[in-house]
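Asker: I'd like to ask you about the structure that follows.
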Amino acid sequence: MSIWKTLHAHRLRLHNLSTASLCKDASRNDRLTFDMAGCHFDLTQQRIDQDALDQLFQLADRANLDHLRHALFAGDKINLSEDRAVLHMALRDGAPNIDSAMIADVKSVRNKLYTCAEGIRSGTRRGYTNKPIRNVVHIGIGGSHLGPELITEALREYATTNLDIRFVANIDGYDLSHALKSLDPETTLFIVASKSFSTLETLENARSARAWFLERTCNTEAIAKHFVGITNNVSAALEFGLSNDNLFPVWDWVGGRYSLWSAMSLPAVIAIGSQNFDRLLEGAARVDSHFAASLASENLPLTWALAGIWNYNVLNCQSLAVLSYDQRLRLLPDYLQQLEMESNGKSVDRHGKALSHSTMPILWGGCGTNGQHAYHQLLHQGTAAFAADIIMVAKDNLSLSTHRNWLNANALAQAQALAEGFEPESQQEIHKTVRGKRPVSIVLLDNLGPKQLGALLAVYEHKVFCQGALWDINSFDQWGVELGKTLAGPIYQSLSAIEANNTASSAVTDQLIRRLRKHSKP
């Protein structure tokens, strides 16, 4: 019998067992809970037992995952379609076996980053009229935006300055216009973050920001003091008008959605300071060491990845809900959507052949307890199968202790309701039935500090790597996003042309272009 057939047999065996009965196994806590860098990971409410988990570990062996893990940390070019290594762990000193020159280069750029950030924080780095920088506008999208904004928002309690940091991502002009409101160009620094320095949204916003700045200063030389760039394409950044002194490199072995550990997080370093950013890197490096060295049965990212494979490919859970029970982590689902779905939303294997199995559930989520008054009705009584990650924080620095206790009480209550459900005694109350048996993982941070956040994000990263290996896909490219970019060019030309032209390859698109052009006429 194949492993997959055996796994489905386990599904049938476990189907009628309640989660409460599964949790009666005295050894379950030892196998399905993990503690690391101030984070507690509890997988005991997953719909799995040791026999099924043993089969999943065999699946990992068959996928040669151990070999791929060693290749990852060795710096082998495991991104086959782009012929690149995947070494974001080196940015946090989590890949000690790589070339010493690379490590030195990383530290040199980090020191330059810290010097820039601390100069802005202290007020010693000044604008062209010698006024200190008071406002920072970070322009980037995708990996150049989601991670840095998440860190800045999640660790805002660690911000020790009165700097106003704003993020611009969307090409919608309202995003930039809103960010520029009430800003003084003499005290504003713009960060242009694009690994390729060719990302349409980022360059369009950067050009408009530059025009806004020049319109108010009439001083092209002042650009050097008010614009910095983060990129792998130095020549394009220089052509834009940035100076070498204000450029921070990002290497080709750092994928965009894995780049928050790099200079891409300049706005976050400005906000929280270099020492706290070091703690973020430290927490992630702790996870790197654990993932690289731990046995399979003791390996948190691998075990969590296997639980996800079980939920999606065996239990048919079509989505993963990430429920953050801390307002500071409200951006976590957005960040994880890119990390997980851009990495593992693939339909061909690592060698370009069509897959015969499904990959990657839809990841979505929100902030508790708000979601309880919106979509939790579906979670408890809807018909769709899903799994949930519930993220909690044990304590905060606020004096509102009753708020934290109520927040965590609700998080635990939702986890219990999802896992165990409710069966009314009377058939007349069947409408009160809560199905239960939803797979739930709980992550409990002792507090939301830099080290804990770094560890949490690194665990998710390595979980993604493991699932990609198990699905036999390349988790480090994103060719699916290219088609839309290609199609948008001629459509833009049609929308912008003085005379109408039929350049769209779709009759529906062409019809909508004509309608849009009518609205754009003065």
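So you can find residues: chains in the structure tokens are A, B, ... in the order shown, residues in each start at 1, and ligands are numbered from 1 in order.
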Find the residues near A:Ser494: any atom within 10 Å, counting only C-alpha atoms, skip ones fewer than 3 places away on the same chain, and give them as a ChimeraX atom specification.

Answerer: /A:488-491,497-504,510,513-514,517

Asker: Show me, as a ChimeraX atom specification, the residues that have an atom within 9 Å of A:Thr161 when counting only C-alpha atoms, minus same-chain residues fewer than 5 positions from it.

Answerer: /A:121-122,270-272

Asker: Just write the chosen residues, N, CA and C atoms, as an mmCIF file, in the first residue's frame.

Answerer:
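In the end it all went to part31.cif:
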```cif
data_model
loop_
_atom_site.group_PDB
_atom_site.id
_atom_site.type_symbol
_atom_site.label_atom_id
_atom_site.label_comp_id
_atom_site.auth_asym_id
_atom_site.auth_seq_id
_atom_site.Cartn_x
_atom_site.Cartn_y
_atom_site.Cartn_z
ATOM 1 N N ARG A 121 17.411 58.520 13.613
ATOM 2 C CA ARG A 121 16.794 58.463 14.942
ATOM 3 C C ARG A 121 17.344 59.540 15.874
ATOM 4 N N SER A 122 18.631 59.783 15.777
ATOM 5 C CA SER A 122 19.266 60.751 16.682
ATOM 6 C C SER A 122 19.136 62.188 16.207
ATOM 7 N N ILE A 270 14.731 52.096 11.596
ATOM 8 C CA ILE A 270 14.565 53.492 12.010
ATOM 9 C C ILE A 270 13.566 53.582 13.160
ATOM 10 N N ALA A 271 12.520 52.788 13.091
ATOM 11 C CA ALA A 271 11.470 52.835 14.118
ATOM 12 C C ALA A 271 11.934 52.245 15.441
ATOM 13 N N ILE A 272 12.511 51.031 15.412
ATOM 14 C CA ILE A 272 12.767 50.307 16.666
ATOM 15 C C ILE A 272 14.225 50.345 17.104
#
```

Asker: Write out as a ChimeraX atom specification all residues of stretch 43-96 of chain A that backbone DSSP assigns to strand (DSSP E or B).

Answerer: /A:43-45,79,84

Asker: In Å to one decimal, how far is atom CA of A:Ala117 from atom CA of A:Glu215?

Answerer: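 One can read the atom CA of A:Glu215 to atom CA of A:Ala117 distance as 26.7 Å.
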
Asker: Taking only C-alpha atoms into account, which of A:Asn410, A:Thr6, A:Thr19, A:Thr359 comes nearest A:Asp49?

Answerer: A:Thr19

Asker: Residues of stretch 23-202 of chain A classed as helix (DSSP H, G or I) by DSSP on the backbone are to be reported as number ranges by chain.

Answerer: A: 28-32, 50-62, 65-74, 88-92, 100-122, 142-144, 146-154, 156-158, 173-180, 185-187, 200-202

Asker: What is the distance, in Å and to one decimal place, between atom CA of A:Val228 and atom CA of A:Arg257?

Answerer: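 Computed distance, atom CA of A:Val228 to atom CA of A:Arg257, equals 20.5 Å.
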
Asker: Can you work out which one of A:Ala417, A:Ala237, A:Ala85, A:Leu412 has the shortest atom-to-atom distance to A:Asp42, counting only C-alpha atoms?

Answerer: A:Leu412

Asker: Contacts of stretch 439-448 of chain A at 7 Å or less, counting only C-alpha atoms, minus same-chain residues fewer than 6 places along, as a PDB file with N, CA and C atoms, in the first residue's frame?

Answerer:
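Output (part_25.pdb):
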```pdb
ATOM      1  N   GLY A  38      11.056  32.102  23.346  1.00  0.00           N
ATOM      2  CA  GLY A  38       9.921  32.797  23.935  1.00  0.00           C
ATOM      3  C   GLY A  38       8.595  32.535  23.245  1.00  0.00           C
ATOM      4  N   CYS A  39       8.541  31.489  22.415  1.00  0.00           N
ATOM      5  CA  CYS A  39       7.311  31.121  21.707  1.00  0.00           C
ATOM      6  C   CYS A  39       6.957  29.674  22.044  1.00  0.00           C
ATOM      7  N   HIS A  40       5.693  29.429  22.305  1.00  0.00           N
ATOM      8  CA  HIS A  40       5.181  28.083  22.573  1.00  0.00           C
ATOM      9  C   HIS A  40       4.257  27.684  21.421  1.00  0.00           C
ATOM     10  N   PHE A  41       4.578  26.577  20.777  1.00  0.00           N
ATOM     11  CA  PHE A  41       3.799  26.083  19.636  1.00  0.00           C
ATOM     12  C   PHE A  41       3.062  24.822  20.076  1.00  0.00           C
ATOM     13  N   ASP A  42       1.746  24.868  20.012  1.00  0.00           N
ATOM     14  CA  ASP A  42       0.904  23.762  20.485  1.00  0.00           C
ATOM     15  C   ASP A  42       0.106  23.208  19.312  1.00  0.00           C
ATOM     16  N   LEU A  43       0.469  21.993  18.893  1.00  0.00           N
ATOM     17  CA  LEU A  43      -0.218  21.328  17.780  1.00  0.00           C
ATOM     18  C   LEU A  43      -1.107  20.185  18.274  1.00  0.00           C
ATOM     19  N   GLN A  45      -4.125  20.056  19.146  1.00  0.00           N
ATOM     20  CA  GLN A  45      -5.507  20.022  18.661  1.00  0.00           C
ATOM     21  C   GLN A  45      -5.584  19.788  17.151  1.00  0.00           C
ATOM     22  N   GLN A  46      -4.490  19.291  16.587  1.00  0.00           N
ATOM     23  CA  GLN A  46      -4.542  18.806  15.208  1.00  0.00           C
ATOM     24  C   GLN A  46      -5.235  17.447  15.193  1.00  0.00           C
ATOM     25  N   ARG A  47      -5.875  17.130  14.067  1.00  0.00           N
ATOM     26  CA  ARG A  47      -6.652  15.889  13.940  1.00  0.00           C
ATOM     27  C   ARG A  47      -5.734  14.752  13.483  1.00  0.00           C
ATOM     28  N   ALA A 387      -8.364  24.652   8.226  1.00  0.00           N
ATOM     29  CA  ALA A 387      -7.544  24.567   9.432  1.00  0.00           C
ATOM     30  C   ALA A 387      -7.300  25.980   9.935  1.00  0.00           C
ATOM     31  N   ALA A 388      -6.864  26.114  11.183  1.00  0.00           N
ATOM     32  CA  ALA A 388      -6.663  27.448  11.748  1.00  0.00           C
ATOM     33  C   ALA A 388      -5.379  27.504  12.561  1.00  0.00           C
ATOM     34  N   ASP A 389      -4.670  28.633  12.413  1.00  0.00           N
ATOM     35  CA  ASP A 389      -3.570  28.991  13.307  1.00  0.00           C
ATOM     36  C   ASP A 389      -4.056  30.142  14.167  1.00  0.00           C
ATOM     37  N   ILE A 390      -4.017  29.976  15.475  1.00  0.00           N
ATOM     38  CA  ILE A 390      -4.404  31.041  16.401  1.00  0.00           C
ATOM     39  C   ILE A 390      -3.149  31.551  17.097  1.00  0.00           C
ATOM     40  N   ILE A 391      -2.867  32.839  16.913  1.00  0.00           N
ATOM     41  CA  ILE A 391      -1.654  33.448  17.450  1.00  0.00           C
ATOM     42  C   ILE A 391      -2.028  34.285  18.667  1.00  0.00           C
ATOM     43  N   MET A 392      -1.399  34.004  19.807  1.00  0.00           N
ATOM     44  CA  MET A 392      -1.713  34.689  21.059  1.00  0.00           C
ATOM     45  C   MET A 392      -0.443  35.301  21.661  1.00  0.00           C
ATOM     46  N   VAL A 393      -0.643  36.282  22.521  1.00  0.00           N
ATOM     47  CA  VAL A 393       0.462  36.899  23.269  1.00  0.00           C
ATOM     48  C   VAL A 393       0.070  36.886  24.737  1.00  0.00           C
ATOM     49  N   ALA A 394       0.955  36.342  25.589  1.00  0.00           N
ATOM     50  CA  ALA A 394       0.594  36.130  26.997  1.00  0.00           C
ATOM     51  C   ALA A 394       0.437  37.426  27.768  1.00  0.00           C
ATOM     52  N   LYS A 395       1.281  38.409  27.485  1.00  0.00           N
ATOM     53  CA  LYS A 395       1.219  39.643  28.274  1.00  0.00           C
ATOM     54  C   LYS A 395       1.633  40.826  27.419  1.00  0.00           C
ATOM     55  N   ASP A 396       1.284  42.013  27.912  1.00  0.00           N
ATOM     56  CA  ASP A 396       1.710  43.244  27.243  1.00  0.00           C
ATOM     57  C   ASP A 396       2.112  44.252  28.316  1.00  0.00           C
ATOM     58  N   ALA A 415     -10.519  28.396  20.016  1.00  0.00           N
ATOM     59  CA  ALA A 415      -9.764  27.178  19.699  1.00  0.00           C
ATOM     60  C   ALA A 415     -10.514  25.944  20.172  1.00  0.00           C
ATOM     61  N   ALA A 419     -12.186  23.064  17.779  1.00  0.00           N
ATOM     62  CA  ALA A 419     -11.678  21.698  17.891  1.00  0.00           C
ATOM     63  C   ALA A 419     -12.737  20.714  18.387  1.00  0.00           C
TER      64      ALA A 419
END
```

Asker: Have a look at A:Asn130, A:Ser496, A:Ser319, A:Ser289 and name the one nearest to A:Ala95; count only C-alpha atoms.

Answerer: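 Closest to A:Ala95 of all the choices is A:Ser289.
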
Asker: Please determine, counting only C-alpha atoms, which residue among A:Glu423, A:Glu204, A:Asp83, A:Asp93 has the shortest atom-to-atom distance to A:Val287.

Answerer: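 Comparing A:Glu423, A:Glu204, A:Asp83, A:Asp93 against A:Val287, the winner is A:Asp93.
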
Asker: Quick check, in Å to one decimal: how far apart do atom CA of A:Glu429 and atom CA of A:Gln381 lie?

Answerer: 13.5 Å

Asker: Tell me which protein, DNA and RNA residues are within 10 Å of A:Arg28, counting only C-alpha atoms, leaving out same-chain ones fewer than 2 positions away, and put them as a PyMOL selection string.

Answerer: chain A and resi 22-26+30-33+43-45+49-50

Asker: Determine, using only C-alpha atoms, which residues of stretch 13-101 of chain A have any atom at most 7 Å from an atom of stretch 276-285 of chain A, and tabulate each with its shortest atom pair and distance in Å to one decimal place, rows ordered by chain and then rising number, as a Markdown table.

Answerer:
```
| residue | atom | partner | partner_atom | distance |
| --- | --- | --- | --- | --- |
| A:Ala37 | CA | A:Gly283 | CA | 5.9 |
| A:Arg92 | CA | A:Leu281 | CA | 4.9 |
| A:Asp93 | CA | A:Ala285 | CA | 6.3 |
| A:Gly94 | CA | A:Ala285 | CA | 4.6 |
```

Asker: Just checking: using only C-alpha atoms, which residue out of A:His351, A:Arg156, A:Lys77, A:Arg126 ends up closest to A:Asp252?

Answerer: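 Of A:His351, A:Arg156, A:Lys77, A:Arg126, the one nearest A:Asp252 is A:Lys77, counting only C-alpha atoms.
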
Asker: Write out as a list in words the residues lying within 8 Å of stretch 220-225 of chain A, counting only C-alpha atoms and excluding same-chain residues fewer than 5 positions away.

Answerer: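 Listed by chain and then number, they are Arg126, Gly127, Tyr128, Leu189, Arg210, Leu214, Gly241, Leu242, Ser243 and Asn246 of chain A.
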
Asker: Deliver the residues from the most recent selection as a file, using C-alpha atoms, as a PDB file, in the first residue's frame.

Answerer:
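This went into result05.pdb:
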```
ATOM      1  CA  ARG A 126      19.665  66.017   8.254  1.00  0.00           C
ATOM      2  CA  GLY A 127      17.919  67.264   5.184  1.00  0.00           C
ATOM      3  CA  TYR A 128      19.169  69.782   2.658  1.00  0.00           C
ATOM      4  CA  LEU A 189      13.085  61.010   3.751  1.00  0.00           C
ATOM      5  CA  ARG A 210      10.293  62.817  -6.584  1.00  0.00           C
ATOM      6  CA  LEU A 214      11.121  68.892  -6.594  1.00  0.00           C
ATOM      7  CA  GLY A 241      18.980  59.947  -9.419  1.00  0.00           C
ATOM      8  CA  LEU A 242      20.059  58.223  -6.231  1.00  0.00           C
ATOM      9  CA  SER A 243      23.646  58.448  -5.027  1.00  0.00           C
ATOM     10  CA  ASN A 246      22.450  56.252  -0.272  1.00  0.00           C
TER      11      ASN A 246
END
```

Asker: Which residues are close to A:Leu68, i.e. within 12 Å by only C-alpha atoms, leaving aside same-chain residues fewer than 2 positions away? Reply as JSON, numbers by chain.

Answerer: {"A": [60, 61, 62, 63, 64, 65, 66, 70, 71, 72, 73, 74, 75, 76, 77, 78, 79, 85, 86, 292, 350, 462, 465, 466, 467, 468, 469, 470, 472, 473, 474]}
